[in-house]
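S.K.: I am attaching a structure below and will ask some questions about it afterwards.
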Amino acid sequence: MSELLRPPAEAKYAEELQYLASVDKGQRPFSWRLSPAMVRVFVLGSRDRDGLDRTIAQKWYGHAALVEKAIVTLASDRGLLLIGDPGTGKSWLAELLAAAICNDSTHVVQGTAGTTEDHVKYSWNVAEVIAKGQSHDSMIPSPIMRAMKLGQLGRFEELTRCTSDVQDALISILSEKYVSIPELDDDNVVFAQPGFNIIATANSRDRGVNDLSSALKRRFNFVQIPVVTNRRQEKEIVEFRVKDLLRRNAFDVEIPPALLDVLLQTFADLRVASQSAGSDDERLESALSTAEQIGVVEDAVLHGQFFGEAALRPEFVARALIGTLVRRMPEDLNAMNKFWHAVVVPKGKTEGDVWQAFAEGGKDAMSLHD
Amino acid sequence: MATEEQRTAAALIDELRTAAAAFTDDEVDAARVLQTMAEDVARAMGQPIDIFPVIHHSPASAVQMVRYLRRRQPKLVLVEMCEDLLPLAEHLRDCVLPVALQALASQPVGFPPSWAPLSVVSPLTELSAEYQAIAYALRTKGVQLRFVDRSVDHVYQWIDPAEDPNAPVHDDFDEEDEDAIKLHGGALGIQLGSITPSFGDFRDFLLQNARMTHFSEWVSLYVEQPAIGCDTISYREILCMIGSLFRRLGSTDHDREETRQRDRYMWTRIKQALAETGVAPSDAVFICGAAHIVDDDVPEWGLDNDVRWQELPDRTGTSWQYGFIPSSYGAIELQFGQPRGAVSMAESEWKKAIKQSKLSPYTLDPPKAKGKKGTATKKSSKALQPAVPEQLNLRSLLRDAPALTSTDQVELIQWCTGIVASARKHRYMASTADAIAIYETSILLARLRARNRPSPYDFVDAAETCLEKSRPPGRRNVRQLCHRMLGGDRIGQVGYSSLPPLVQDVYDRLAILGVSATMRTVKRVLIDFAAKPELRPASQLLWRLHWLLSGTRVARPIMGELALGVESRQESWDVRISGPEQRAVIELSFHGVTVEQVLERHLQEKAFDEQAKTLDALEAAEACALLLDRTRLFSRLGERAVVLLAAEEGPDDAEAIFEMVRRLVHHFRGTPEGLPAWLEKLVAVGYSHYATLLPTAFADRGTSPRQLAAMLSFVFTLESLALTMGCERSQLLIAIEQSGRGTADPEKRGLLWACEWIVQRREEEDVREAFEAVLAHPLGRGTYPAYLSGFLRCVQFSPRAAPLATELLGRAFVVLPDYVLLPWIPGLLTTLQPLAADVMPAMFKELRRELPRAYGGIDEWRAGWMQEERAPRVDHVGEPAAVVVEAREVSEGARAVQALLRDNRGAVRAWAQAWGVDADVWEQSMLAVATDGAAEARAGDEPLPLLGTWPASLHAWARVLTDR
């Protein structure tokens with residue numbers, strides 16, 4: 001597993017999961033590997049009051065009540081729909097929950113405009129069907145169906161990118177908890193085993209593209225994941241994810257705290273500027289989420305490692321920030337230019353060297369941007 | 001022999017030592033902390049006076065307070081409330097709770113001016129322990145009540161001057177009902193028994209470990225619920241321990257120091273009160289916040305010494321006004337940073353506890369009911385004892401959380417079905433399946449959060465999880481619906497007899513309209529003065545309230561108008577003087593005894609403020625004329641406006657001032673008394689002031705053409721009146737002469753040309769030529785619209801410029817290329833739009849005169865000036881008369897005169913020469929006279945006054961010519 005580019009959460013945290021299962025004395029719903037309280041500990045990290053003899057690191061940062069709502073929903077009869085802006089950690093939370101509850105977070109259907117009902121239920125191996133006819137052997141179960149059979153959690157990413165008829169294929173799965181296979185004469189129903197449920201995610205910026213039907217809505221509990229605006233929490237997230245990246249690449253880079261503060265403050269200022277912009281053209285297209293901050297730092301670290309100095313310098317971060325956030329030309333560049341000279345450059349003159357280097361780096365990046 | 005309290009304390013200390021040894025590696029430090037806490041509890045419990053710690057709006061505190069008072073019947077009740085609020089306590093009996101005791105100082109002395117007005121509120125609800133104590137003391141004979149905390153003046157004195165006491169407490173409050181939650185306005189809230197830890201890290205640690213979001217949730221689960229059902233001694237011990245914990249570990253140094261100061265003050269007052277009343281300490285009770293049970297090295301603390309604060313700090317010279325304002329649960333939550341619905345949930349806990357314990361809470365009946373034996377004074381023998389098992393003591397409560405009782409289960413089911421019904425009413429797709437899901441989720445959430453039973457917070461989270469989809473279908477979301485269902489907001493009301501005289505007077509005077517203090521809804525008032533002329537005074541009062549409380553909805557006119565010279569025949573009003581709006585009227589009473597007195601004071605303050613401008617004084621004067629029949633005040637305000645106008649430095653408010661003065665002049669000219677003296681003086685001062693300012697204003701880039709036009713409007717429109725008051729036109733002429741030198745702005749130059757033409761410093765033809773020159777210049781053509789916009793402004797104060805303005809405007813549309821014309825049109829419209837009332841009628845009149853009367857003639861129609869343009873001017877071409885005659889309809893007689901003059905041009909020119917008049921001008925004028933008559937004569941042409949002065953000569957010459 002260590003050779004994988006990105007191991008799933010259950011592999012990455014296998015040791016923690018094993019430990020938690022061994023000390024878990026709480027009641028476990030259905031076939032859950034951990035009790036709800038331990039799932040919470042796995043996701044949000046351990047506290048003194050949990051009475052564990054080792055520390056469990058926090059893996060998802062956000063409001064604890066949201067995680068609790070998500071966990072109890074999965075223990076209930078309803079599916080869980082995580083809604084939020086891009087980069088708020090919906091998929092990561094879904095993966096962690098699936099890993100903690102059923103030790104398998106890979107039963108994933110990725111919703112796109114091209115997703116069909118076959119991807120949600122099952123499809124056929126055409127060669128096998130021609131050779132032997134339709135049977136269980138020639139059927140290709142979808143990840144959701146596999147999860148049903150195993151009594152595990154199925155994940156449906158970007159549910160609202162799918163068309164309504166595909167979405168509605170989930171209604172019977174969530175209500176009756178079985179899938180009929182009319183092509184087969186015998187044994188033509190696949191029943192869900194206890195413990196099966198679905199975690200779906202939806203992007204709130206896609207609202208209105210393919211709205212969920214009322215029938216499907218009432219089969220899901222909605223949990224809204226807000227953009228993290230708490231500075232301390234945001235800092236923790238960025239540090240956590242960036243350390244993960246550095247570990248993965250075996251880089252030995254220190255992120256100066258002052259530089260991280262500059263980045264966080266710039267994002268906070270950008271959010272304010274974005275809220276007060278008069279029109280969409282004056283507003284950056286980006287959601288300015290925490291994930292994008294992580295992306296900026298990742299980009300800067302990689303750039304520094306491969307093309308510059310090993311140390312992370314403010315100029316690299318500024319350049320990475322411009323590269324990450326300026327997408328539309330010329331609207332985003334105009335908005336960024338205005339923001340940079342109104343907010344960042346003045347800080348560069350008054351708030352010290354880090355800000356100054358950061359401001360200069362941004363100006364250079366914008367002047368070279370094409 | 002050891003007392004019960006001492007035995008309990010010793011047992012507690014042992015218990016805590018054991019806990020320290022069991023749960024921490026750092027046994028020594030932890031034991032020390034826990035022992036200190038235990039000692040604090042023992043010290044507080046061992047005082048000769050009963051110290052009764054409470055938490056603000058805590059049902060447990062209130063229930064235990066009732067239980068304690070019923071059993072112990074203390075003779076002296078000492079409460080941690082600002083001592084100067086005590087006189088208000090008696091009036092609580094007239095109020096419907098929640099209300100807030102308020103102290104307000106509109107003109108503070110000795111405080112930073114930016115803090116004004118100073119306002120302190122102390123809200124009370126029925127479930128406030130202090131209210132129960134106050135009610136007990138006021139209802140029970142022989143019981144004395146004292147407030148022992150520092151005064152409201154000290155509250156502000158002890159605030160760091162660098163802080164902003166008016167800063168909002170909770171910015172991100174979810175505003176469901178704006179009116180109700182803003183009842184306290186910007187007042188500084190004080191509460192008895194605040195225990196929220198001010199040390200942020202401590203609070204966060206506490207909440208994270210408890211897996212909670214809000215501190216009130218923590219208090220509810222770990223303090224309220226265990227303490228509500230236990231015996232009084234255990235309750236006091238629990239609160240003492242909580243108070244000790246938060247005082248010693250959860251407070252910042254700054255807060256601790258302030259608490260120490262207050263302790264010094266209160267214990268000094270307590271000792272004084274005991275000495276004054278002669279009540280034994282064992283017959284007294286001191287009701288305070290839990291944090292005050294700790295001595296914290298305060299020498300005055302406790303009755304086992306007689307140390308007193310020898311020189312209590314003095315109050316400042318600030319004059320404070322005291323009264324009540326209505327409060328609401330939402331306002332209390334907002335004021336003290338509690339989550340929405342916290343007080344509602346506390347109320348439902350209080351009601352449940354009262355019902356279960358069969359206690360009768362103390363209430364204050366209105367005076368009428370005083371003689372009756374109310375339920376509150378009846379004592380149930382059962383109520384004297386706690387309804388819960390006595391074995392619930394401190395140690396057992398510290399160990400175990402309460403189990404889910406059957407009552408709670410029934411209640412939870414009721415909540416689940418109730419919220420589903422409520423959600424359905426608010427257009428949510430909610431069904432019985434949702435109720436089941438909410439129930440299940442509540443239980444699961446409670447278990448996940450290590451609680452034996454779901455708290456209201458768990459229920460709200462569960463309901464939100466199961467019902468809330470992408471967006472609320474109605475006005476309220478699920479969280480708001482839950483809070484409404486769990487109790488909802490309550491809005492208090494201050495009773496009539498507790499109201500200040502001003503408010504009583506308002507109610508009395510509006511009673512004729514059916515408005516009363518007990519009214520809870522909006523009162524729609526319809527007034528027909530023809531049928532009921534006696535309602536006129538009530539209407540006037542409503543207008544006064546409307547003016548004074550313009551930012552509120554106390555009195556909102558639906559139909560009817562208040563304007564000079566206008567007397568409504570019918571009016572319709574929406575009146576809200578109770579509930580949330582009552583506060584605004586009550587606050588008026590801090591400024592006077594009657595509405596009229598307050599209004600007079602406001603008007604004077606408005607006009608005589610150091611920063612007041614002319615417009616402020618004029619507005620005050622107009623308001624005085626409209627709302628108050630006070631001649632002397634009216635004159636004072638007017639005189640103040642005169643003084644301010646003379647000292648005004650720029651033309652900033654010229655437009656508004658002109659409008660206001662014109663309105664006043666127009667009104668008072670129609671009255672039998674005529675113009676007031678100050679108004680005449682103001683016109684004269686204004687004429688002189690604005691005339692003098694003209695050169696500067698024309699040259700100053702910061703002065704807009706619009707402001708200039710307003711100044712000129714004042715000067716020209718009110719000129720005749722100003723001249724009668726002794727002003728000289730020469731002042732204006734010199735100013736206009738000087739103005740020409742300073743300005744290069746095209747719009748201002750256009751306006752200046754107009755002025756020069758009006759005062760006869762420029763001929764009409766010169767104006768045309770000036771505009772022609774602009775048009776003719778290949779680079780200047782683009783500025784033609786700006787010149788014209790300036791010129792058009794003069795039509796508002798000189799309607800006779802309309803023909804020329806129309807002509808110049810028409811010329812622009814013919815001559816200007818599209819690339820100049822099209823971008824200008826929006827600007828032209830925005831220029832003309834504010835002048836619509838003044839300029840457009842004159843220009844439309846001119847157009848009506850010019851345009852053909854029927855559509856048929858439109859093809860052949862050409863504007864008069866176009867035909868004139870085609871025709872050569874008099875001095876260049878020989879036949880100007882024919883052009884003029886074609887352009888206008890003339891009478892038979894005029895035609896004859898024109899023909900005569902045309903035939904005898906030599907003679908006409910000779911006469912002109914003889915009189916020293918320009919022959920061309922003379923000839924044109926004669927033709928114009930012949931065409932339009934002397935009435936249309938142009939003021940700039942010199943021969944016309946001559947002819948006007950000697951009409952007989954003209955006729956004589958006409959006869960001679962005709963006879964010849």
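Naming scheme: A, B, ... for chains in displayed order of the structure tokens; residues 1 onward per chain; ligands 1 onward as shown.
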Pull out every residue of chain A sitting within 6 Å of chain B, counting only C-alpha atoms, and send them as a list in words.
M.R.: Ala37, Val72, Asn221 and Phe222 of chain A
S.K.: Could you name the residues that touch Trp753 of chain B at 9 Å or less, counting only C-alpha atoms, but leaving out those on the same chain fewer than 5 positions away, as an MDAnalysis selection string?
M.R.: chainID B and resid 740 748 758 761:762 767 770 790:791
S.K.: Quick one: residues within 6 Å of segment 160-174 of chain A, only C-alpha atoms, excluding same-chain residues fewer than 2 positions away - as number ranges by chain?
M.R.: A: 111-113, 116-117, 158, 176-178, 202, 210, 216
S.K.: Selected residues, N, CA and C atoms, written as a compact mmCIF listing (two decimals), in the first residue's frame, please.
M.R.:
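That gives us result_10.txt:
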# COMPACT_ATOMS: atom_id res chain seq x y z
N GLY A 111 -20.26 11.29 -10.10
CA GLY A 111 -21.36 11.87 -10.88
C GLY A 111 -20.84 12.86 -11.91
N THR A 112 -21.26 12.67 -13.15
CA THR A 112 -20.93 13.63 -14.21
C THR A 112 -22.15 13.77 -15.10
N ALA A 113 -22.05 14.62 -16.08
CA ALA A 113 -23.17 14.76 -17.02
C ALA A 113 -23.34 13.47 -17.81
N THR A 116 -24.70 7.34 -16.24
CA THR A 116 -26.00 6.73 -16.59
C THR A 116 -26.47 5.87 -15.43
N GLU A 117 -27.69 5.37 -15.58
CA GLU A 117 -28.27 4.53 -14.54
C GLU A 117 -27.43 3.26 -14.34
N GLU A 158 -20.51 14.27 -6.34
CA GLU A 158 -21.11 15.27 -7.23
C GLU A 158 -22.47 14.81 -7.77
N GLU A 176 -36.28 0.99 -0.70
CA GLU A 176 -36.52 -0.46 -0.56
C GLU A 176 -35.25 -1.21 -0.19
N LYS A 177 -34.11 -0.59 -0.41
CA LYS A 177 -32.82 -1.20 -0.11
C LYS A 177 -32.59 -2.46 -0.94
N TYR A 178 -33.10 -2.48 -2.13
CA TYR A 178 -32.73 -3.56 -3.04
C TYR A 178 -32.75 -3.04 -4.47
N ALA A 202 -22.53 17.08 -2.95
CA ALA A 202 -23.05 17.97 -4.00
C ALA A 202 -22.41 19.34 -3.81
N ASN A 210 -28.99 20.55 -11.83
CA ASN A 210 -29.86 19.35 -11.81
C ASN A 210 -30.39 19.21 -10.40
N LEU A 216 -36.34 12.24 -3.83
CA LEU A 216 -34.96 11.90 -3.44
C LEU A 216 -34.52 12.74 -2.25
S.K.: So that I can see what lies close to Ile134 of chain B, please list as a PyMOL selection string the residues with an atom at most 9 Å from it, counting only C-alpha atoms and leaving out residues fewer than 2 positions away in the same chain.
M.R.: chain B and resi 77+79+89-90+129-132+136-139+145+362+364
S.K.: Could you write those residues out with C-alpha atoms, as a compact mmCIF listing (two decimals), in the first residue's frame?
M.R.:
# COMPACT_ATOMS: atom_id res chain seq x y z
CA VAL B 77 -33.00 40.40 50.91
CA VAL B 79 -29.41 41.51 45.76
CA ALA B 89 -38.39 47.60 41.90
CA GLU B 90 -41.75 48.70 43.29
CA ALA B 129 -33.95 34.23 40.58
CA GLU B 130 -33.57 37.91 41.43
CA TYR B 131 -37.10 38.59 40.25
CA GLN B 132 -38.41 35.86 42.51
CA TYR B 136 -41.03 37.88 47.61
CA ALA B 137 -39.65 40.95 49.34
CA LEU B 138 -42.27 43.28 47.91
CA ARG B 139 -45.17 40.99 48.68
CA LEU B 145 -35.07 44.71 49.95
CA TYR B 362 -43.73 34.56 43.41
CA LEU B 364 -46.21 40.71 41.56
S.K.: Tell me, as JSON, numbers by chain, which residues lie within 8 Å of segment 830-842 of chain B, counting only C-alpha atoms; anything in the same chain fewer than 4 positions away does not count.
M.R.: {"B": [789, 792, 793, 795, 796, 797, 799, 800, 802, 826, 846]}
S.K.: Within 10 Å of segment 811-814 of chain B, counting only C-alpha atoms, which residues qualify if same-chain residues fewer than 6 places away don't, as number ranges by chain?
M.R.: B: 771-772, 775, 781, 784-785, 788, 805, 820-822, 825, 863, 865-866
S.K.: Write a file of the selected residues as an mmCIF file, in the first residue's frame, keeping C-alpha atoms.
M.R.:
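again-v9.cif, freshly written:
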data_model
loop_
_atom_site.group_PDB
_atom_site.id
_atom_site.type_symbol
_atom_site.label_atom_id
_atom_site.label_comp_id
_atom_site.auth_asym_id
_atom_site.auth_seq_id
_atom_site.Cartn_x
_atom_site.Cartn_y
_atom_site.Cartn_z
ATOM 1 C CA PHE B 771 -23.048 79.712 -28.629
ATOM 2 C CA GLU B 772 -22.477 79.951 -32.380
ATOM 3 C CA LEU B 775 -20.394 75.418 -32.441
ATOM 4 C CA ARG B 781 -18.086 71.812 -30.607
ATOM 5 C CA TYR B 784 -21.584 72.782 -26.655
ATOM 6 C CA PRO B 785 -23.817 70.498 -24.579
ATOM 7 C CA LEU B 788 -26.146 74.567 -23.029
ATOM 8 C CA ALA B 805 -33.103 78.062 -24.282
ATOM 9 C CA VAL B 820 -21.373 64.502 -29.750
ATOM 10 C CA LEU B 821 -25.131 64.519 -29.517
ATOM 11 C CA LEU B 822 -25.878 60.922 -28.584
ATOM 12 C CA ILE B 825 -28.581 62.995 -24.328
ATOM 13 C CA ALA B 863 -38.580 76.176 -36.236
ATOM 14 C CA TRP B 865 -35.027 80.271 -35.365
ATOM 15 C CA MET B 866 -34.228 78.165 -38.428
#
S.K.: Within 8 Å of Val223 of chain A, counting only C-alpha atoms, which residues show up once you throw out same-chain ones fewer than 5 positions away? Write them as a PyMOL selection string, please.
M.R.: (chain A and resi 66+69-70+80-83) or (chain B and resi 465)
S.K.: Using only C-alpha atoms for the distances, tell me which of A:Arg47, A:Lys90, A:Arg327, A:Arg40 is nearest to Ser204 of chain A.
M.R.: A:Lys90
